[in-house]
Structures are given as structure tokens and as C-alpha cells.
2 protein chains.
Amino acid sequence: MAVSTVKGALSVDTASPDGSAVDHVVHQIRELIAQAGLKVGDSLPTERELCAQFNASRNTVREAMRILKAYGLVEVRPKVGATITDNRMSRAIELFSFATMEVSRKTFSDVQAFRDLLEVGSVEQLFDRICDRDIDELHSINAKLAGIHDLEEASEVDFAFHVRLISILDNSAILDVYNVMKPIILRIMQKGKTRRTFKTETFSEHEGVIEAMSHRDRLSFQYRLRTHLMTGFKYFNEEMEASA
Amino acid sequence: MAVSTVKGALSVDTASPDGSAVDHVVHQIRELIAQAGLKVGDSLPTERELCAQFNASRNTVREAMRILKAYGLVEVRPKVGATITDNRMSRAIELFSFATMEVSRKTFSDVQAFRDLLEVGSVEQLFDRICDRDIDELHSINAKLAGIHDLEEASEVDFAFHVRLISILDNSAILDVYNVMKPIILRIMQKGKTRRTFKTETFSEHEGVIEAMSHRDRLSFQYRLRTHLMTGFKYFNEEMEASA
DNA sequence: TTTTACGTATTTGGTCCAACAAATAGTTTG
DNA sequence: CAAACTATTTGTTGGACCAAATACGTAAAA
């Protein structure tokens with residue numbers, strides 16, 4: 001505290017919550033963090049201190065902390081108390097690991113078109129940065145497809161391959177987005193495939209992409225990768241085309 | 001209940017949490033939802049029923065419900081109880097509206113490179129779909145820059161312009177990702193700019209992009225948009241290059 | 001008799017309190 | 001230097017009360 005009596009209309013405005021005591025405490029804690037300029041790693045007051053400070057019961061404070069924890073903004077260990085963190089990205093990932101929604105035809109084409117823009121579209125920056133270790137590691141990741149036991153595992157390997165590919169770009173925005181979308185991408189990868197499909201088709205498609213990379217063959221890279229991304233589209237039938 | 005004594009290893013596996021009672025209840029509630037096949041709009045048992053069902057105290061159940069609420073999976077109103085929802089996307093957006101982190105040089109270049117891949121890279125698909133209404137609406141959005149009063153408002157208009165641009169693609173994956181990243185993008189847009197910058201430079205850069213679109217001039221579109229995205233990079237100094 | 005309106009009782013989430021269990025950091029003791 | 005102890009702090013429980021929303025039954029009106 002001390003600083004910023006004026007702070008007011010700046011960035012931290014959570015607007016006014018719904019008036020519930022818990023939301024109010026959440027708001028106050030966030031204000032506290034902002035005003036005290038707490039950074040990642042710093043400690044928050046103990047629950048009971050917060051109770052006294054905000055005139056709230058311990059349960060109310062605890063529910064507020066649950067929210068902050070769920071948002072990945074604080075980490076709390078018994079005895080040591082709560083410390084500031086920033087796991088929002090991983091929380092966002094967990095968010096979408098829920099609710100096993102069915103992948104629609106439109107979802108498939110949207111997501112794959114999106115990935116096409118990122119993976120195929122970044123060919124120039126990618127080829128600028130490629131080094132031998134990238135090629136080697138892509139090979140070794142892809143080799144794991146031979147030993148997979150179920151679809152889940154196979155799609156994990158497939159995903160790891162593509163993450164390794166774009167990691168060459170050294171762009172954390174892209175990497176973060178990929179991780180957020182991971183659950184959806186995994187489902188897309190599994191759609192219509194069998195273990196055998198992964199071991200044969202997917203494997204050789206990946207190998208083709210790697211070969212194009214090692215030869216620095218832009219056109220081949222783009223063609224092979226694009227084709228690879230669109231494999232699986234055939235497994236979607238045309239049903240339910242018009243959905244509002 | 002009734003169905004699926006076998007269900008076991010399917011999709012809903014939240015793995016086993018850290019063993020805390022609250023996490024356990026969260027897990028059980030999610031299992032309950034899955035097993036009972038509850039859809040959005042359906043009701044959950046009352047808190048007290050959940051207490052009895054899971055042998056947990058009411059506070060524990062409430063903390064679990066706080067988590068589900070924070071995840072945007074349930075909505076709870078006094079007296080009527082908890083109903084299933086799916087506001088995960090809006091929660092994800094809220095997630096990143098927090099913690100007014102400073103935009104680093106690397107964040108800037110990463111995010112803008114990312115946007116470059118999406119916006120500039122999609123020129124073919126974009127030009128395939130463009131219609132007159134798109135051009136008109138882009139004009140009218142951009143016109144709002146003349147009447148802006150502060151940076152916040154200006155960046156909102158700027159953002160709206162780019163969202164409208166990519167909305168032509170009719171790709172909800174891209175749109176969702178853009179919305180999730182909105183807070184970060186807004187900050188990037190504000191970096192180093194003034195109201196005047198928006199009213200003059202940003203405005204005319206947008207107009208240039210629109211003009212290229214209306215002429216179906218691919219090269220001009222790409223050049224102008226790419227230049228526009230990289231405007232602002234000059235406001236970052238080299239400080240703090242090596243951060244682990 | 002039927003329908004509408006009102007008021008009461010019940011249900012349900014929201015908040016608070018007090019107490020105990022478990023885990024851990026720091027301190028003391030061998 | 002290591003082990004045991006102590007105090008502190010989170011984790012969990014059970015209970016209590018309140019306020020608001022709903023359900024229902026009763027009374028009044030058509």
C-alpha cells in the first residue's frame with residue numbers, strides 16, 4: 001500500500017463483481033497484489049490475516065483463494081501460505097481438457113486450416129532457423145510411432161512431432177496457443193485412425209516432411225505437410241451441414 | 001447412473017488429483033456429470049445432496065463448486081441450484097485479462113509474428129471470400145478511430161478492425177484464439193502510441209489495407225498489413241535481452 | 001365452481017463460527 | 001550435526017443462521 005491513491009481507472013479494474021462477498025474478496029486481493037506491486041514468487045498474507053484485513057470469514061477467504069488458485073494466479077502450500085504464480089496458460093489448457101465434445105466437420109476444417117496457416121505458412125522463418133538437431137529430434141520423435149500401444153499414445157506422439165516442428169520458430173505465442181488447443185488437436189488426430197494408420201501412413205507422412213526439411217525443399221515441405229494435415233478429413237461425412 | 005459400469009478408461013479421466021478432498025469432490029462431480037450424461041442446461045444435485053453423496057462437508061463441496069464455477073462449467077443461483085453451462089471460452093478470456101503484465105520486446109515480436117501468419121498468411125483464402133459488405137464494414141469500423149477519446153477505446157477499435165478482417169475467413173478456431181489473446185493484443189496496440197497516432201497513422205494504414213482488399217491486390221495487401229503489424233516495434237528498446 | 005391473488009412454509013445457496021487434523025518451518029535438544 | 005519437538009498455517013469438518021426464491025395452500029373474486 002502507500003502508493004497510488006490515484007490508481008483508479010487503470011488496468012486492474014475487475015469492474016464491480018456481482019456483490020457476493022467472495023467476489024468482493026477476490027477483487028480486494030487482486031487490488032492488494034496490484035497496489036503492493038507483488039510479483040511472481042512473492043507471498044500473500046495468511047488466510048487469517050486476509051480475514052481480518054477484509055472483514056470476511058475464513059470460509060469466504062478460502063473460497064476466494066480457490067478462485068485465484070483455479071485461475072492459476074496463486075499457489076498455496078500448507079504452512080507456508082500462498083505465493084503468487086502465473087500458471088494461467090496451463091489452466092487454460094486444463095480448461096479445455098474437459099467435456100469430451102465430439103469433433104464436428106467444421107471444427108476439423110477450422111482447426112486444421114488454422115494449423116496450416118501456422119505450420120505451412122511459416123516455412124520461410126522455419127527454414128531460416130532449422131538446424132541438424134531439429135531434424136534429428138523430429139526423427140526420434142516420429143520413430144516412437146512404431147512402439148505405440150493405443151490411439152491416445154499415438155496422438156500424443158503425433159502432437160509432440162508438430163510441437164517440435166513449430167518450436168523451431170522459438171515463438172512462445174504460437175507454442176502457447178498450440179498447448180491450449182492440444183485436447184482438441186488430439187481428438188482431431190485420432191479421428192478415423194487406427195493404430196495401424198499411425199504406424200504406417202502418419203509415420204511416413206512425417207518422414208516425408210522431415211526429408212523435405214533436411215533438403216530445404218520448400219515446395220515439397222509445404223505440399224507434404226498440407227496433405228498430412230488434411231488427411232482424416234475424409235472420415236467426416238457431410239451430415240449436418242447447416243447448423244446455425 | 002445405471003448405465004456404464006464399464007465406462008472406466010474413457011475420456012473423462014481427470015486422472016487422480018493431488019488427493020485433497022476438494023479436488024476429489026471436483027473429480028467426482030465431473031464423473032457424475034459424465035455418467036449421468038448431463039448436458040448444458042441440466043441441473044446438478046443440491047450442495048447438501050452432494051455432501052451426502054460424496055461424504056464431504058458442505059464447505060468442501062462449496063470449494064469444489066467454486067472451482068467448477070471458475071472453470072465456467074456450472075452456473076449457480078441461490079435457491080434454484082447449480083446448472084451445467086459451458087462458458088469456458090469466456091473464462092479463458094477473463095483469465096488473461098488479469099495481471100497487467102508489461103509487454104516485453106519478445107512478447108511483442110512473437111505475438112505480431114503470430115498475427116502475421118494468420119492475417120497476412122491467409123491472403124488467398126481471404127481474397128476468395130471477400131465481399132462488398134466486408135469492405136464497407138471495415139471502412140465503418142476504421143472510421144470510428146476519428147472519434148476516439150482515449151487509448152483504451154482506440155485499441156478496441158483497432159482490435160475490432162482486425163477481428164472483422166479475419167472473420168471473413170469464417171474460421172472459429174482463429175476467432176476464438178484471437179479473443180483469448182485480446183488483452184495481450186490490446187496492450188501491444190497501445191504500446192508507444194498516442195491518440196493522435198491512432199487517428200492518423202493507424203487509421204491510414206488500415207485504409208491502405210482496405211484499399212488493397214477492394215482492388216484484390218494481394219501483394220499490396222500483404223505489404224501494407226505486414227508493415228502495419230510491425231509498427232510499434234520501434235518503441236521497444238533492447239533492454240533485458242537475455243532472460244531465462 | 002373456477003380462477004386469481006396472496007401469504008406462508010420450505011428449500012437452497014451465502015456467510016460465519018469453532019474446532020480438529022495434517023503438514024511443515026523453525027527451534028530446541030541429544 | 002542430527003533428531004525430536006513446537007508452533008504456525010492450511011485442510012477439513014460440522015453446525016448454525018440468514019436471505020432469497022420457490023412451491024404450495026388458502027382465501028378472495030369472478
# chains A, B, ... in the order shown; residues from 1 in each chain; ligands from 1

$ calpha_fit_and_write --fixed "chain B" --moving "chain A" --output "CSV table (one decimal) with C-alpha atoms, in the first residue's frame"
chain,number,residue,atom,x,y,z
A,1,MET,CA,-25.7,-43.6,-13.6
A,2,ALA,CA,-26.4,-47.1,-14.7
A,3,VAL,CA,-24.3,-47.1,-17.8
A,4,SER,CA,-20.6,-47.7,-18.0
A,5,THR,CA,-19.3,-49.7,-15.1
A,6,VAL,CA,-16.4,-50.2,-17.4
A,7,LYS,CA,-15.9,-46.6,-18.4
A,8,GLY,CA,-12.6,-46.5,-16.5
A,9,ALA,CA,-9.8,-45.4,-18.6
A,10,LEU,CA,-11.7,-43.1,-20.8
A,11,SER,CA,-11.1,-39.4,-21.4
A,12,VAL,CA,-12.7,-38.2,-18.2
A,13,ASP,CA,-9.9,-39.4,-16.0
A,14,THR,CA,-8.9,-36.4,-13.9
A,15,ALA,CA,-6.3,-38.6,-12.5
A,16,SER,CA,-6.4,-38.6,-8.8
A,17,PRO,CA,-6.4,-35.2,-7.2
A,18,ASP,CA,-4.1,-34.3,-4.3
A,19,GLY,CA,-6.4,-36.1,-1.9
A,20,SER,CA,-8.1,-33.0,-0.6
A,21,ALA,CA,-11.8,-33.4,0.0
A,22,VAL,CA,-12.7,-30.5,-2.3
A,23,ASP,CA,-10.7,-31.9,-5.2
A,24,HIS,CA,-12.3,-35.2,-4.6
A,25,VAL,CA,-15.8,-33.7,-4.8
A,26,VAL,CA,-14.8,-31.9,-8.0
A,27,HIS,CA,-13.7,-35.2,-9.4
A,28,GLN,CA,-16.9,-36.9,-8.4
A,29,ILE,CA,-19.1,-34.2,-9.9
A,30,ARG,CA,-17.2,-34.5,-13.1
A,31,GLU,CA,-17.7,-38.2,-13.0
A,32,LEU,CA,-21.4,-37.7,-12.3
A,33,ILE,CA,-21.6,-35.4,-15.3
A,34,ALA,CA,-19.9,-37.9,-17.5
A,35,GLN,CA,-21.8,-40.9,-16.3
A,36,ALA,CA,-25.2,-39.3,-16.5
A,37,GLY,CA,-24.3,-37.9,-19.9
A,38,LEU,CA,-25.3,-34.4,-18.8
A,39,LYS,CA,-25.2,-31.8,-21.6
A,40,VAL,CA,-25.0,-28.1,-21.6
A,41,GLY,CA,-28.2,-26.7,-20.2
A,42,ASP,CA,-28.9,-29.7,-17.9
A,43,SER,CA,-29.2,-29.2,-14.2
A,44,LEU,CA,-27.0,-30.5,-11.4
A,45,PRO,CA,-28.4,-31.8,-8.1
A,46,THR,CA,-28.7,-29.2,-5.4
A,47,GLU,CA,-25.8,-28.5,-3.1
A,48,ARG,CA,-27.4,-30.4,-0.3
A,49,GLU,CA,-28.1,-33.4,-2.5
A,50,LEU,CA,-24.5,-33.4,-3.5
A,51,CYS,CA,-23.5,-33.2,0.1
A,52,ALA,CA,-25.5,-36.4,0.9
A,53,GLN,CA,-24.3,-38.1,-2.3
A,54,PHE,CA,-20.7,-37.5,-1.7
A,55,ASN,CA,-20.7,-37.5,2.1
A,56,ALA,CA,-19.2,-34.0,2.2
A,57,SER,CA,-20.1,-30.9,4.1
A,58,ARG,CA,-21.8,-28.1,2.3
A,59,ASN,CA,-18.8,-25.9,2.5
A,60,THR,CA,-16.7,-28.5,0.8
A,61,VAL,CA,-19.3,-28.9,-1.9
A,62,ARG,CA,-19.5,-25.2,-2.3
A,63,GLU,CA,-15.7,-24.8,-2.7
A,64,ALA,CA,-15.9,-27.6,-5.3
A,65,MET,CA,-18.6,-25.7,-7.1
A,66,ARG,CA,-16.5,-22.5,-7.0
A,67,ILE,CA,-13.8,-24.4,-8.9
A,68,LEU,CA,-16.3,-25.6,-11.5
A,69,LYS,CA,-17.7,-22.1,-11.8
A,70,ALA,CA,-14.2,-20.6,-12.1
A,71,TYR,CA,-13.6,-23.1,-14.9
A,72,GLY,CA,-16.7,-22.0,-16.6
A,73,LEU,CA,-18.3,-25.4,-16.5
A,74,VAL,CA,-21.3,-24.7,-14.4
A,75,GLU,CA,-23.5,-21.6,-13.9
A,76,VAL,CA,-25.4,-21.3,-10.7
A,77,ARG,CA,-28.3,-19.1,-9.8
A,78,PRO,CA,-30.0,-18.8,-6.4
A,79,LYS,CA,-32.9,-21.1,-6.0
A,80,VAL,CA,-32.7,-22.6,-9.5
A,81,GLY,CA,-29.4,-24.4,-8.8
A,82,ALA,CA,-26.5,-25.2,-11.0
A,83,THR,CA,-26.7,-25.8,-14.7
A,84,ILE,CA,-24.0,-27.1,-17.0
A,85,THR,CA,-22.5,-24.6,-19.3
A,86,ASP,CA,-19.3,-24.2,-21.3
A,87,ASN,CA,-17.8,-20.8,-20.9
A,88,ARG,CA,-14.3,-22.1,-20.8
A,89,MET,CA,-13.2,-19.9,-23.6
A,90,SER,CA,-14.3,-16.7,-21.9
A,91,ARG,CA,-12.7,-17.9,-18.7
A,92,ALA,CA,-9.5,-18.4,-20.5
A,93,ILE,CA,-9.8,-14.8,-21.7
A,94,GLU,CA,-10.4,-13.6,-18.2
A,95,LEU,CA,-7.4,-15.6,-17.1
A,96,PHE,CA,-5.0,-13.4,-19.1
A,97,SER,CA,-6.7,-10.1,-18.3
A,98,PHE,CA,-5.0,-10.2,-15.0
A,99,ALA,CA,-1.5,-9.2,-14.0
A,100,THR,CA,-0.6,-6.3,-16.1
A,101,MET,CA,2.7,-7.7,-17.3
A,102,GLU,CA,5.0,-5.5,-19.3
A,103,VAL,CA,5.2,-6.4,-22.9
A,104,SER,CA,8.8,-7.3,-23.8
A,105,ARG,CA,10.4,-6.9,-27.2
A,106,LYS,CA,10.3,-10.7,-27.7
A,107,THR,CA,6.7,-10.9,-26.8
A,108,PHE,CA,5.9,-8.2,-29.3
A,109,SER,CA,7.7,-9.8,-32.2
A,110,ASP,CA,6.3,-13.2,-31.3
A,111,VAL,CA,2.8,-12.1,-31.1
A,112,GLN,CA,2.9,-10.0,-34.2
A,113,ALA,CA,4.7,-12.7,-36.1
A,114,PHE,CA,1.9,-15.0,-35.0
A,115,ARG,CA,-0.7,-12.5,-36.2
A,116,ASP,CA,1.1,-12.1,-39.4
A,117,LEU,CA,0.8,-15.8,-40.1
A,118,LEU,CA,-2.9,-15.7,-39.4
A,119,GLU,CA,-3.9,-12.4,-41.0
A,120,VAL,CA,-1.4,-12.0,-43.8
A,121,GLY,CA,-1.1,-15.7,-44.4
A,122,SER,CA,-4.8,-16.3,-44.9
A,123,VAL,CA,-5.0,-13.9,-47.9
A,124,GLU,CA,-6.2,-16.6,-50.3
A,125,GLN,CA,-9.0,-17.9,-48.2
A,126,LEU,CA,-9.8,-14.3,-47.1
A,127,PHE,CA,-10.2,-13.0,-50.7
A,128,ASP,CA,-12.2,-16.0,-51.6
A,129,ARG,CA,-14.8,-15.0,-49.0
A,130,ILE,CA,-14.8,-11.3,-49.0
A,131,CYS,CA,-18.1,-9.6,-49.7
A,132,ASP,CA,-19.2,-6.0,-49.8
A,133,ARG,CA,-20.6,-6.0,-46.3
A,134,ASP,CA,-17.2,-6.9,-44.9
A,135,ILE,CA,-15.7,-3.9,-46.6
A,136,ASP,CA,-18.4,-1.6,-45.3
A,137,GLU,CA,-18.2,-2.8,-41.8
A,138,LEU,CA,-14.4,-2.6,-41.7
A,139,HIS,CA,-14.8,1.0,-42.9
A,140,SER,CA,-17.3,1.8,-40.2
A,141,ILE,CA,-15.2,0.2,-37.5
A,142,ASN,CA,-12.2,2.1,-38.6
A,143,ALA,CA,-14.1,5.3,-38.7
A,144,LYS,CA,-14.6,5.1,-34.9
A,145,LEU,CA,-10.9,5.8,-34.5
A,146,ALA,CA,-11.7,9.5,-35.2
A,147,GLY,CA,-13.8,9.7,-32.1
A,148,ILE,CA,-11.7,7.9,-29.5
A,149,HIS,CA,-10.9,9.5,-26.2
A,150,ASP,CA,-8.1,7.4,-24.8
A,151,LEU,CA,-5.7,4.7,-25.6
A,152,GLU,CA,-7.8,2.0,-24.1
A,153,GLU,CA,-10.7,2.9,-26.4
A,154,ALA,CA,-8.4,3.2,-29.4
A,155,SER,CA,-6.9,-0.2,-29.0
A,156,GLU,CA,-10.3,-1.7,-28.6
A,157,VAL,CA,-11.3,-0.2,-31.9
A,158,ASP,CA,-8.0,-1.4,-33.5
A,159,PHE,CA,-8.6,-4.9,-32.1
A,160,ALA,CA,-12.2,-4.9,-33.3
A,161,PHE,CA,-10.9,-4.1,-36.8
A,162,HIS,CA,-8.6,-7.0,-36.9
A,163,VAL,CA,-11.2,-9.4,-35.4
A,164,ARG,CA,-13.7,-8.3,-38.0
A,165,LEU,CA,-11.0,-8.9,-40.6
A,166,ILE,CA,-10.3,-12.5,-39.7
A,167,SER,CA,-14.0,-13.1,-38.9
A,168,ILE,CA,-14.3,-13.3,-42.7
A,169,LEU,CA,-12.6,-16.6,-42.5
A,170,ASP,CA,-15.5,-18.0,-40.4
A,171,ASN,CA,-12.9,-20.0,-38.4
A,172,SER,CA,-13.9,-20.2,-34.8
A,173,ALA,CA,-10.5,-21.7,-33.8
A,174,ILE,CA,-8.8,-18.6,-35.0
A,175,LEU,CA,-11.4,-16.3,-33.5
A,176,ASP,CA,-11.2,-18.1,-30.1
A,177,VAL,CA,-7.4,-17.8,-30.0
A,178,TYR,CA,-7.6,-14.1,-30.9
A,179,ASN,CA,-10.0,-13.5,-28.0
A,180,VAL,CA,-7.9,-15.4,-25.6
A,181,MET,CA,-4.9,-13.3,-26.6
A,182,LYS,CA,-6.9,-10.1,-26.6
A,183,PRO,CA,-5.4,-8.5,-23.4
A,184,ILE,CA,-1.9,-9.0,-24.7
A,185,ILE,CA,-2.8,-7.8,-28.1
A,186,LEU,CA,-4.3,-4.7,-26.7
A,187,ARG,CA,-1.2,-3.9,-24.8
A,188,ILE,CA,0.9,-4.4,-27.9
A,189,MET,CA,-1.4,-2.0,-29.8
A,190,GLN,CA,-1.0,0.7,-27.2
A,191,LYS,CA,2.8,0.4,-26.9
A,192,GLY,CA,4.4,3.6,-27.9
A,193,LYS,CA,1.3,5.1,-29.4
A,194,THR,CA,-0.7,8.2,-28.6
A,195,ARG,CA,-4.2,9.1,-29.3
A,196,ARG,CA,-3.0,11.1,-32.3
A,197,THR,CA,-1.1,8.1,-33.6
A,198,PHE,CA,-4.3,6.1,-33.7
A,199,LYS,CA,-6.2,8.9,-35.3
A,200,THR,CA,-3.7,9.4,-38.1
A,201,GLU,CA,-1.3,6.5,-38.7
A,202,THR,CA,-3.3,3.6,-37.6
A,203,PHE,CA,-6.4,4.9,-39.3
A,204,SER,CA,-4.8,5.4,-42.6
A,205,GLU,CA,-3.0,2.0,-42.4
A,206,HIS,CA,-6.3,0.4,-41.9
A,207,GLU,CA,-7.8,2.3,-44.7
A,208,GLY,CA,-5.0,1.1,-47.0
A,209,VAL,CA,-5.7,-2.5,-46.0
A,210,ILE,CA,-9.4,-2.0,-46.8
A,211,GLU,CA,-8.6,-0.5,-50.1
A,212,ALA,CA,-6.4,-3.3,-51.1
A,213,MET,CA,-9.2,-5.7,-50.1
A,214,SER,CA,-11.8,-3.9,-52.1
A,215,HIS,CA,-9.5,-4.0,-55.1
A,216,ARG,CA,-8.7,-7.6,-54.4
A,217,ASP,CA,-5.1,-6.6,-54.6
A,218,ARG,CA,-3.3,-9.5,-52.8
A,219,LEU,CA,0.2,-8.1,-52.9
A,220,SER,CA,-0.9,-4.7,-51.7
A,221,PHE,CA,-3.0,-6.3,-48.9
A,222,GLN,CA,-0.1,-8.3,-47.7
A,223,TYR,CA,2.4,-5.5,-47.8
A,224,ARG,CA,0.2,-3.0,-46.1
A,225,LEU,CA,-1.0,-5.4,-43.4
A,226,ARG,CA,2.4,-6.7,-42.7
A,227,THR,CA,3.8,-3.2,-42.4
A,228,HIS,CA,0.9,-2.2,-40.1
A,229,LEU,CA,1.6,-5.1,-37.8
A,230,MET,CA,5.2,-4.3,-37.5
A,231,THR,CA,4.6,-0.6,-36.7
A,232,GLY,CA,5.4,-0.1,-33.1
A,233,PHE,CA,8.4,-2.4,-33.1
A,234,LYS,CA,10.5,0.7,-33.2
A,235,TYR,CA,9.4,1.6,-29.7
A,236,PHE,CA,11.2,-1.3,-28.2
A,237,ASN,CA,14.8,-0.7,-27.4
A,238,GLU,CA,17.3,-3.4,-27.5
A,239,GLU,CA,17.7,-3.6,-23.7
A,240,MET,CA,17.7,-7.0,-22.2
A,241,GLU,CA,18.4,-9.1,-25.2
A,242,ALA,CA,19.8,-12.2,-23.5
A,243,SER,CA,17.3,-13.5,-21.0
A,244,ALA,CA,17.4,-17.2,-20.4

$ select_by_dssp --residues "segment 106-243 of chain A" --states "alpha helix (DSSP H)" --output "VMD selection string"
chain A and resid 106 to 115 123 to 129 132 to 143 151 to 167 172 to 180 182 to 190 195 to 197 203 to 214 218 to 230

$ atom_distance --atom1 "atom C1' of DT11 of chain C" --atom2 "atom C1' of DA28 of chain D"
27.5 Å

$ atom_distance --atom1 "atom C1' of DA16 of chain D" --atom2 "atom C1' of DT15 of chain C"
10.5 Å

$ residues_around --residues "DT10 of chain C" --least-positions-apart "2" --cutoff "10 Å" --atoms "only C-alpha atoms (C1' of nucleotides)" --output "list in words"
DT8 and DT12 of chain C; DT22, DA23 and DC24 of chain D

$ write_last_selection --atoms "N, CA, C and O atoms (P, O5', C5', C4', C3', O3' and C1' of nucleotides)" --output "short mmCIF file (atom, residue, chain, number, x, y, z; two decimals), in the first residue's frame"
data_model
loop_
_atom_site.label_atom_id
_atom_site.label_comp_id
_atom_site.auth_asym_id
_atom_site.auth_seq_id
_atom_site.Cartn_x
_atom_site.Cartn_y
_atom_site.Cartn_z
P DT C 8 -48.39 -14.37 6.25
"O5'" DT C 8 -48.06 -15.87 6.64
"C5'" DT C 8 -49.05 -16.89 6.47
"C4'" DT C 8 -48.39 -18.17 6.00
"C3'" DT C 8 -47.10 -18.53 6.73
"O3'" DT C 8 -47.20 -19.83 7.25
"C1'" DT C 8 -46.81 -18.71 4.41
P DT C 12 -33.80 -28.34 -2.01
"O5'" DT C 12 -32.77 -27.14 -2.16
"C5'" DT C 12 -33.04 -26.09 -3.09
"C4'" DT C 12 -32.04 -24.98 -2.90
"C3'" DT C 12 -30.64 -25.45 -2.52
"O3'" DT C 12 -29.71 -25.03 -3.49
"C1'" DT C 12 -31.34 -23.65 -1.13
P DT D 22 -37.20 -18.39 -8.60
"O5'" DT D 22 -38.08 -19.62 -8.13
"C5'" DT D 22 -37.41 -20.77 -7.62
"C4'" DT D 22 -38.31 -21.52 -6.67
"C3'" DT D 22 -39.68 -21.88 -7.24
"O3'" DT D 22 -39.73 -23.29 -7.41
"C1'" DT D 22 -39.80 -21.15 -4.98
P DA D 23 -40.94 -23.97 -8.20
"O5'" DA D 23 -41.82 -24.54 -7.00
"C5'" DA D 23 -41.14 -25.05 -5.86
"C4'" DA D 23 -42.17 -25.56 -4.85
"C3'" DA D 23 -43.49 -26.02 -5.47
"O3'" DA D 23 -43.94 -27.18 -4.78
"C1'" DA D 23 -43.87 -24.17 -4.01
P DC D 24 -45.28 -27.86 -5.25
"O5'" DC D 24 -46.27 -27.39 -4.11
"C5'" DC D 24 -45.80 -27.33 -2.77
"C4'" DC D 24 -46.83 -26.66 -1.89
"C3'" DC D 24 -48.27 -26.98 -2.28
"O3'" DC D 24 -49.03 -27.30 -1.12
"C1'" DC D 24 -47.98 -24.65 -2.16
#

$ select_by_dssp --residues "segment 17-209 of chain A" --states "strand (DSSP E)" --output "number ranges by chain"
A: 74-77, 81-84

$ write_last_selection --atoms "N, CA and C atoms" --output "CSV table (one decimal), in the first residue's frame"
chain,number,residue,atom,x,y,z
A,74,VAL,N,-2.4,-18.0,-7.9
A,74,VAL,CA,-1.7,-18.2,-6.7
A,74,VAL,C,-1.5,-19.7,-6.5
A,75,GLU,N,-0.5,-20.0,-5.7
A,75,GLU,CA,-0.2,-21.4,-5.4
A,75,GLU,C,-0.1,-21.5,-3.9
A,76,VAL,N,-0.7,-22.4,-3.3
A,76,VAL,CA,-0.8,-22.4,-1.8
A,76,VAL,C,-0.4,-23.7,-1.2
A,77,ARG,N,0.6,-23.7,-0.3
A,77,ARG,CA,1.0,-24.9,0.4
A,77,ARG,C,0.8,-24.8,1.9
A,81,GLY,N,1.8,-21.0,3.2
A,81,GLY,CA,0.9,-20.0,2.7
A,81,GLY,C,0.8,-19.9,1.2
A,82,ALA,N,0.3,-18.8,0.7
A,82,ALA,CA,0.0,-18.6,-0.7
A,82,ALA,C,1.1,-17.7,-1.3
A,83,THR,N,1.6,-18.2,-2.5
A,83,THR,CA,2.6,-17.4,-3.2
A,83,THR,C,2.0,-17.1,-4.6
A,84,ILE,N,2.4,-16.0,-5.1
A,84,ILE,CA,1.9,-15.6,-6.4
A,84,ILE,C,2.6,-16.4,-7.5

$ atom_distance --atom1 "atom C1' of DT27 of chain C" --atom2 "atom C1' of DG11 of chain D"
24.5 Å

$ interface_residues --of "chain C" --to "chain A" --cutoff "9 Å" --atoms "only C-alpha atoms (C1' of nucleotides)" --output "ChimeraX atom specification"
/C:14-17,22-25
